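Source file: model36.cif (mmCIF, C-alpha atoms)
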```
data_work
loop_
_atom_site.label_atom_id
_atom_site.label_comp_id
_atom_site.auth_asym_id
_atom_site.auth_seq_id
_atom_site.Cartn_x
_atom_site.Cartn_y
_atom_site.Cartn_z
CA MET A 1 -8.28 -15.48 14.69
CA LEU A 2 -10.51 -14.63 11.70
CA LYS A 3 -12.47 -11.46 11.11
CA LYS A 4 -15.24 -11.14 8.53
CA SER A 5 -15.49 -7.46 7.68
CA LEU A 6 -13.07 -4.73 6.78
CA PRO A 7 -13.39 -1.21 8.23
CA HIS A 8 -13.55 1.50 5.61
CA GLY A 9 -11.62 4.72 6.05
CA GLY A 10 -13.53 7.94 6.45
CA GLU A 11 -12.09 11.37 6.94
CA LEU A 12 -8.37 11.43 7.62
CA VAL A 13 -6.45 14.37 9.00
CA ILE A 14 -2.65 14.49 8.98
CA LEU A 15 -1.75 13.35 11.66
CA ASP A 16 -3.19 11.64 14.75
CA ALA A 17 -0.32 10.44 16.94
CA VAL A 18 -0.20 6.86 18.16
CA GLY A 19 1.84 5.06 20.79
CA VAL A 20 5.45 4.09 20.26
CA PRO A 21 6.05 0.33 19.90
CA PHE A 22 8.14 -1.15 22.68
CA GLY A 23 11.74 -2.12 22.08
CA VAL A 24 12.48 0.00 18.99
CA VAL A 25 14.82 2.99 18.90
CA TYR A 26 13.21 6.07 17.37
CA MET A 27 14.25 9.46 16.17
CA ASP A 28 12.59 12.18 18.23
CA GLU A 29 11.02 9.59 20.55
CA ASN A 30 7.30 10.32 21.11
CA ASN A 31 7.17 12.93 18.34
CA TYR A 32 8.44 10.75 15.50
CA LYS A 33 5.19 10.53 13.53
CA GLU A 34 4.34 14.17 14.10
CA ASP A 35 7.76 15.08 12.72
CA LEU A 36 7.26 12.89 9.65
CA ALA A 37 3.75 14.29 9.16
CA LEU A 38 5.16 17.82 9.21
CA LYS A 39 7.74 16.90 6.55
CA VAL A 40 4.98 15.39 4.42
CA LYS A 41 2.81 18.50 4.76
CA GLN A 42 5.76 20.73 3.83
CA ALA A 43 6.58 18.57 0.80
CA LEU A 44 2.94 18.61 -0.27
CA ALA A 45 2.74 22.40 0.07
CA SER A 46 5.91 22.89 -1.97
CA MET A 47 4.64 20.64 -4.77
CA LYS A 48 0.99 21.73 -4.96
CA SER A 49 1.38 23.82 -8.08
CA GLN A 50 2.90 20.83 -9.90
CA LEU A 51 0.29 18.22 -8.95
CA LYS A 52 -1.91 16.80 -11.71
CA PHE A 53 -4.40 14.61 -9.86
CA ARG A 54 -7.85 16.16 -9.36
CA GLY A 55 -9.78 13.13 -8.15
CA PHE A 56 -11.19 10.09 -9.92
CA SER A 57 -14.05 10.49 -12.38
CA GLU A 58 -17.22 8.43 -12.15
CA GLU A 59 -15.92 6.42 -15.10
CA SER A 60 -12.82 5.41 -13.13
CA ILE A 61 -14.65 4.81 -9.84
CA ASN A 62 -17.14 2.52 -11.57
CA PHE A 63 -14.67 0.93 -13.98
CA TYR A 64 -14.47 -2.48 -12.28
CA ASN A 65 -18.10 -2.72 -11.19
CA ASP A 66 -19.06 -4.97 -14.10
CA PHE A 67 -15.87 -7.05 -14.25
CA PRO A 68 -17.05 -10.49 -15.46
CA ALA A 69 -16.77 -13.55 -13.25
CA ASP A 70 -16.56 -15.77 -16.33
CA ARG A 71 -12.93 -15.90 -17.47
CA LYS A 72 -14.02 -16.32 -21.11
CA GLU A 73 -15.77 -12.96 -21.07
CA ARG A 74 -12.92 -10.88 -19.64
CA TYR A 75 -11.13 -9.95 -22.85
CA VAL A 76 -14.46 -9.00 -24.41
CA TRP A 77 -15.08 -6.78 -21.38
CA TRP A 78 -11.58 -5.28 -21.59
CA ASN A 79 -11.78 -4.61 -25.33
CA SER A 80 -15.08 -2.82 -24.84
CA LYS A 81 -13.49 -0.45 -22.29
CA SER A 82 -9.82 -0.13 -23.16
CA ASP A 83 -10.20 2.60 -25.79
CA SER A 84 -12.86 4.50 -23.91
CA GLU A 85 -13.11 4.45 -20.11
CA TYR A 86 -9.59 3.09 -19.59
CA LYS A 87 -7.53 5.31 -21.93
CA LEU A 88 -9.64 8.43 -21.44
CA PHE A 89 -10.23 8.23 -17.69
CA LEU A 90 -8.73 5.46 -15.53
CA LYS A 91 -5.25 5.34 -17.06
CA PRO A 92 -4.44 9.09 -16.99
CA GLU A 93 -6.12 9.64 -13.61
CA PHE A 94 -4.44 6.71 -11.87
CA GLU A 95 -1.05 7.55 -13.35
CA ALA A 96 -1.42 11.18 -12.28
CA LEU A 97 -2.14 10.03 -8.72
CA ILE A 98 0.95 7.79 -8.61
CA GLU A 99 3.16 10.46 -10.22
CA ASP A 100 2.03 13.03 -7.65
CA LEU A 101 2.52 10.68 -4.70
CA THR A 102 5.98 9.72 -5.96
CA LEU A 103 6.93 13.37 -6.46
CA ILE A 104 5.94 14.26 -2.90
CA ILE A 105 7.34 11.20 -1.11
CA SER A 106 10.65 11.32 -3.01
CA LYS A 107 11.27 14.72 -1.38
CA ILE A 108 11.34 12.90 1.97
CA ASP A 109 12.70 9.50 0.98
CA SER A 110 15.23 9.87 -1.84
CA GLY A 111 15.63 6.08 -2.03
CA ILE A 112 12.26 5.31 -3.62
CA GLU A 113 11.83 4.47 -7.28
CA THR A 114 10.66 7.52 -9.24
CA LYS A 115 10.11 5.99 -12.69
CA LEU A 116 6.37 5.66 -13.20
CA ASN A 117 6.53 2.54 -15.35
CA LEU A 118 8.47 0.70 -12.63
CA ASN A 119 5.91 1.60 -9.96
CA LEU A 120 2.81 0.66 -11.95
CA GLY A 121 1.33 -2.81 -12.02
CA LEU A 122 0.01 -4.16 -15.32
CA PRO A 123 -3.74 -3.87 -15.96
CA VAL A 124 -3.61 -7.03 -18.11
CA ILE A 125 -1.34 -10.02 -17.44
CA ARG A 126 -0.91 -13.42 -19.07
CA ASP A 127 -3.99 -14.76 -17.28
CA GLY A 128 -6.08 -11.87 -18.57
CA PRO A 129 -7.31 -8.48 -17.34
CA ARG A 130 -7.04 -7.76 -13.64
CA ALA A 131 -10.03 -6.70 -11.55
CA HIS A 132 -8.12 -3.82 -9.98
CA ARG A 133 -5.53 -1.18 -10.89
CA TRP A 134 -2.46 -1.10 -8.68
CA ALA A 135 0.89 0.52 -8.09
CA ALA A 136 3.62 0.17 -5.50
CA LEU A 137 6.17 2.67 -4.23
CA HIS A 138 9.33 0.71 -3.49
CA SER A 139 13.12 0.96 -3.32
CA LYS A 140 15.03 2.29 -6.29
CA GLY A 141 16.83 -0.48 -8.15
CA ARG A 142 14.64 -3.25 -6.73
CA ASP A 143 11.94 -5.19 -8.52
CA LYS A 144 8.71 -4.24 -6.73
CA ARG A 145 7.60 -7.88 -6.75
CA ILE A 146 10.39 -8.80 -4.32
CA ASP A 147 10.53 -5.60 -2.29
CA VAL A 148 8.52 -4.18 0.60
CA GLN A 149 5.78 -2.07 -0.99
CA PHE A 150 3.74 0.92 0.00
CA PHE A 151 0.90 0.12 -2.38
CA ILE A 152 -2.27 1.68 -3.76
CA ASN A 153 -5.00 -0.46 -5.36
CA LEU A 154 -8.10 0.95 -7.02
CA THR A 155 -10.95 -1.57 -6.80
CA SER A 156 -14.72 -1.63 -7.17
CA LYS A 157 -14.95 -1.02 -3.40
CA GLY A 158 -12.55 1.91 -3.14
CA ALA A 159 -8.82 2.48 -2.75
CA ARG A 160 -6.82 -0.06 -0.76
CA VAL A 161 -3.65 1.42 0.75
CA GLY A 162 -1.02 -0.28 2.85
CA ILE A 163 2.11 -2.40 3.14
CA TYR A 164 2.85 -5.63 1.29
CA PHE A 165 5.63 -8.16 0.89
CA GLY A 166 5.19 -11.61 -0.61
CA LYS A 167 6.99 -14.61 -2.01
CA HIS A 168 7.62 -14.52 -5.76
CA LYS A 169 9.22 -17.00 -8.13
CA ILE A 170 11.87 -14.48 -9.19
CA GLY A 171 13.05 -13.92 -5.60
CA LYS A 172 12.96 -17.12 -3.56
CA GLU A 173 16.09 -16.16 -1.65
CA SER A 174 14.57 -12.78 -0.79
CA TRP A 175 11.62 -14.57 0.76
CA LYS A 176 13.88 -16.84 2.82
CA SER A 177 15.76 -13.79 4.09
CA PHE A 178 12.49 -12.07 4.88
CA VAL A 179 11.22 -15.03 6.91
CA ARG A 180 14.43 -15.04 8.97
CA HIS A 181 14.14 -11.28 9.48
CA LEU A 182 10.49 -11.56 10.47
CA HIS A 183 11.26 -14.24 13.06
CA LYS A 184 14.07 -12.19 14.56
CA ASN A 185 11.95 -9.03 14.80
CA LYS A 186 8.48 -10.52 15.26
CA GLU A 187 7.78 -8.86 18.64
CA GLN A 188 8.40 -5.35 17.34
CA ILE A 189 6.51 -6.04 14.10
CA PHE A 190 3.56 -7.56 15.98
CA HIS A 191 3.38 -4.57 18.30
CA GLU A 192 3.28 -2.18 15.35
CA LEU A 193 0.64 -4.36 13.68
CA ASN A 194 -1.51 -3.89 16.79
CA ASN A 195 -1.01 -0.12 16.54
CA LEU A 196 -2.11 -0.14 12.91
CA GLU A 197 -5.16 -2.27 13.68
CA MET A 198 -6.24 0.36 16.19
CA GLN A 199 -6.06 2.93 13.38
CA GLY A 200 -8.33 0.95 11.07
CA TYR A 201 -5.85 -1.25 9.20
CA VAL A 202 -6.35 -4.99 8.80
CA PHE A 203 -4.04 -7.98 8.45
CA ILE A 204 -5.48 -9.62 5.34
CA ASN A 205 -5.03 -12.07 2.50
CA THR A 206 -6.66 -11.20 -0.82
CA ILE A 207 -6.62 -13.27 -4.01
CA HIS A 208 -7.73 -12.22 -7.50
CA ASP A 209 -11.12 -13.90 -7.13
CA ASP A 210 -11.82 -11.66 -4.13
CA TYR A 211 -11.54 -8.57 -6.33
CA ILE A 212 -13.84 -10.18 -8.89
CA ASN A 213 -16.38 -11.17 -6.24
CA LYS A 214 -16.14 -7.74 -4.57
CA SER A 215 -14.91 -9.38 -1.39
CA ASP A 216 -12.42 -7.89 1.05
CA GLY A 217 -10.54 -11.16 1.33
CA VAL A 218 -9.80 -13.08 4.52
CA ILE A 219 -8.98 -10.90 7.51
CA TYR A 220 -6.99 -12.19 10.49
CA SER A 221 -6.31 -10.78 13.92
CA PRO A 222 -3.36 -12.71 15.39
CA THR A 223 -3.21 -12.84 19.18
CA SER A 224 0.55 -13.28 19.44
CA SER A 225 3.73 -12.56 17.52
CA GLN A 226 4.21 -16.28 16.91
CA GLU A 227 0.71 -16.61 15.47
CA MET A 228 1.42 -13.65 13.18
CA TYR A 229 4.73 -15.19 12.11
CA GLU A 230 3.21 -18.59 11.35
CA HIS A 231 0.37 -17.00 9.40
CA VAL A 232 2.80 -15.04 7.20
CA CYS A 233 4.92 -18.15 6.60
CA ASN A 234 1.91 -20.30 5.73
CA ASN A 235 0.36 -17.73 3.38
CA GLU A 236 3.70 -16.56 1.97
CA GLU A 237 2.84 -12.88 2.26
CA ILE A 238 2.25 -10.06 4.69
CA ASP A 239 -0.49 -7.65 3.68
CA ILE A 240 -1.69 -4.77 5.89
CA VAL A 241 -4.50 -2.71 4.38
CA ARG A 242 -6.75 0.26 4.95
CA VAL A 243 -9.66 0.96 2.60
CA LEU A 244 -10.67 4.45 1.56
CA ASP A 245 -14.19 3.85 0.28
CA ILE A 246 -15.63 5.31 -2.89
CA THR A 247 -16.82 8.48 -1.12
CA ASN A 248 -13.14 9.45 -0.77
CA LEU A 249 -12.13 9.02 -4.42
CA SER A 250 -13.69 11.85 -6.37
CA ASN A 251 -11.63 14.83 -5.22
CA LYS A 252 -8.00 15.90 -5.10
CA PHE A 253 -7.83 15.50 -1.31
CA LEU A 254 -7.48 11.75 -1.82
CA ILE A 255 -3.74 12.47 -2.08
CA GLU A 256 -3.72 13.86 1.47
CA LYS A 257 -5.52 10.79 2.76
CA ILE A 258 -3.05 8.45 1.09
CA LEU A 259 -0.16 10.51 2.47
CA GLU A 260 -1.62 10.13 5.93
CA CYS A 261 -1.58 6.38 5.37
CA PHE A 262 2.06 6.72 4.30
CA VAL A 263 2.89 8.37 7.63
CA GLN A 264 0.92 5.82 9.65
CA THR A 265 2.49 2.80 7.91
CA ARG A 266 6.05 4.08 7.53
CA LEU A 267 7.31 2.42 10.70
CA MET A 268 6.00 -0.95 9.54
CA TYR A 269 7.59 -0.32 6.15
CA GLU A 270 10.95 0.22 7.83
CA LEU A 271 10.61 -2.67 10.29
CA LEU A 272 10.05 -5.14 7.43
CA GLN A 273 13.10 -4.02 5.45
CA LEU A 274 16.02 -6.38 4.89
CA SER A 275 19.74 -5.60 5.09
CA LYS A 276 19.91 -3.89 1.67
CA PHE A 277 17.75 -1.07 3.02
CA ASN A 278 19.94 1.95 3.81
CA HIS A 279 18.75 2.88 7.30
CA TYR A 280 21.28 5.68 7.53
CA SER A 281 19.83 7.66 4.62
CA ARG A 282 16.25 6.36 4.38
CA ALA A 283 14.99 5.67 7.92
CA LEU A 284 12.38 8.31 8.63
CA ILE A 285 11.16 6.81 11.91
CA SER A 286 13.30 3.87 13.08
CA ARG A 287 17.05 3.79 13.22
CA GLN A 288 19.77 1.28 14.01
CA ASP A 289 22.50 2.12 16.50
#
```
Have the structure of the file written as structure tokens, please.
Amino acid sequence: MLKKSLPHGGELVILDAVGVPFGVVYMDENNYKEDLALKVKQALASMKSQLKFRGFSEESINFYNDFPADRKERYVWWNSKSDSEYKLFLKPEFEALIEDLTLIISKIDSGIETKLNLNLGLPVIRDGPRAHRWAALHSKGRDKRIDVQFFINLTSKGARVGIYFGKHKIGKESWKSFVRHLHKNKEQIFHELNNLEMQGYVFINTIHDDYINKSDGVIYSPTSSQEMYEHVCNNEEIDIVRVLDITNLSNKFLIEKILECFVQTRLMYELLQLSKFNHYSRALISRQD
């Protein structure tokens, strides 16, 4: 089932509890997300004096507003901004945000990659400049392109935060394994997808042209686990997103809002993990007996 509009996140407070998906074994049963939220708040408090991010400037928030639709004009656009708005504002501010988030989350999940350059996506690729700035927190030692991601995208419409895994040419076997895993666990994953939808997340597919056209992408609301599974297989990705609109971007409390998204999506992050994921040391919500 298709949806046409994407809900935009307003004020977030760590943490509003949600129901426990059926059929999964949890640590601390009904209190699992409250427990994780408390750990996140403690980690944030212990790191506050070291945090660098103070919110995005107007230059960063508006950076992609005039991204050209004409491919021939994109390098001209990039060259006009790269030494000014990008290097002076967007680059240091976005990198500070990702460094701070990594610093905090690594205190709770020691298995995430902590090297900034391995978490950042490229602002310019072979096809030209991208119409968004992105990063992905993922497992240490794994290429983020073939790993389950907790991602942050800065776009002309705000910050997109959520969970992503997709097929990539460098990891075809990883995708095959993921499809088998998804089929085996589709009921639990579908149930958690429903929970996330109730909290304002959407099941979505977004291509580069959507960022250029300032579109959310194509939003789906599957009515069954099988419909969800078939949609992921056909589109070769799973993408679950919440948008924090531009009113949320200009102050340092954006970090707290993204951390709340981390807590809300952590179960989905763990449910999508393949066998290489160390559940014994890294599972913050789910566990395997």
Exercise for the section: Please provide the set of residues having any atom within 9 Å of Ala159 of chain A, restricted to all atoms listed in the file, with same-chain residues fewer than 2 positions apart removed, written as a ChimeraX atom specification. Expected result: /A:152-157,161,242-246,248-249
Practice task
Take atom CA of Gly217 of chain A and atom CA of Pro123 of chain A and report the distance between them in Å, one decimal.
Solution key: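 Distance reported for this atom pair: 20.0 Å.
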Problem - Closest of A:Asn195, A:Ser106, A:Gln273, A:Ser281 to Val40 of chain A - atom-to-atom distances counting only C-alpha atoms - result: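 Counting only C-alpha atoms, the residue closest to Val40 of chain A is A:Ser106.
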Practice task
Choose the residue, out of A:Glu270, A:Asp147, A:Glu260, A:Glu197, that has the smallest atom-to-atom separation from Glu113 of chain A; count all atoms listed in the file.
Solution key: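 Answer, going by the shortest atom-to-atom distance: A:Asp147.
Take the candidates A:Ser177, A:Ser49, A:Asn65, A:Ser225 and check each one against Ile189 of chain A using only C-alpha atoms; the shortest distance goes to A:Ser225.
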Problem - atom CA of Ile105 of chain A to atom CA of Lys172 of chain A, straight-line distance in Å - result: 29.0 Å
Handout entry: Computed interatomic separation between atom CA of Leu182 of chain A and atom CA of Tyr229 of chain A (Å)
Key =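 Distance between the two atoms: 7.0 Å.
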As a check of understanding, name the residues that the PyMOL selection byres ((chain A and resi 73-87) around 9) selects in the supplied structure, as an mmCIF file with C-alpha atoms, in the coordinates of the input.
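Okay, this is what ended up in selection_4.cif:
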```cif
data_model
loop_
_atom_site.group_PDB
_atom_site.id
_atom_site.type_symbol
_atom_site.label_atom_id
_atom_site.label_comp_id
_atom_site.auth_asym_id
_atom_site.auth_seq_id
_atom_site.Cartn_x
_atom_site.Cartn_y
_atom_site.Cartn_z
ATOM 1 C CA GLU A 59 -15.920 6.420 -15.100
ATOM 2 C CA SER A 60 -12.820 5.410 -13.130
ATOM 3 C CA PHE A 63 -14.670 0.930 -13.980
ATOM 4 C CA ASP A 66 -19.060 -4.970 -14.100
ATOM 5 C CA PHE A 67 -15.870 -7.050 -14.250
ATOM 6 C CA PRO A 68 -17.050 -10.490 -15.460
ATOM 7 C CA ALA A 69 -16.770 -13.550 -13.250
ATOM 8 C CA ASP A 70 -16.560 -15.770 -16.330
ATOM 9 C CA ARG A 71 -12.930 -15.900 -17.470
ATOM 10 C CA LYS A 72 -14.020 -16.320 -21.110
ATOM 11 C CA LEU A 88 -9.640 8.430 -21.440
ATOM 12 C CA PHE A 89 -10.230 8.230 -17.690
ATOM 13 C CA LEU A 90 -8.730 5.460 -15.530
ATOM 14 C CA LYS A 91 -5.250 5.340 -17.060
ATOM 15 C CA PRO A 92 -4.440 9.090 -16.990
ATOM 16 C CA VAL A 124 -3.610 -7.030 -18.110
ATOM 17 C CA GLY A 128 -6.080 -11.870 -18.570
ATOM 18 C CA PRO A 129 -7.310 -8.480 -17.340
ATOM 19 C CA ARG A 130 -7.040 -7.760 -13.640
#
```
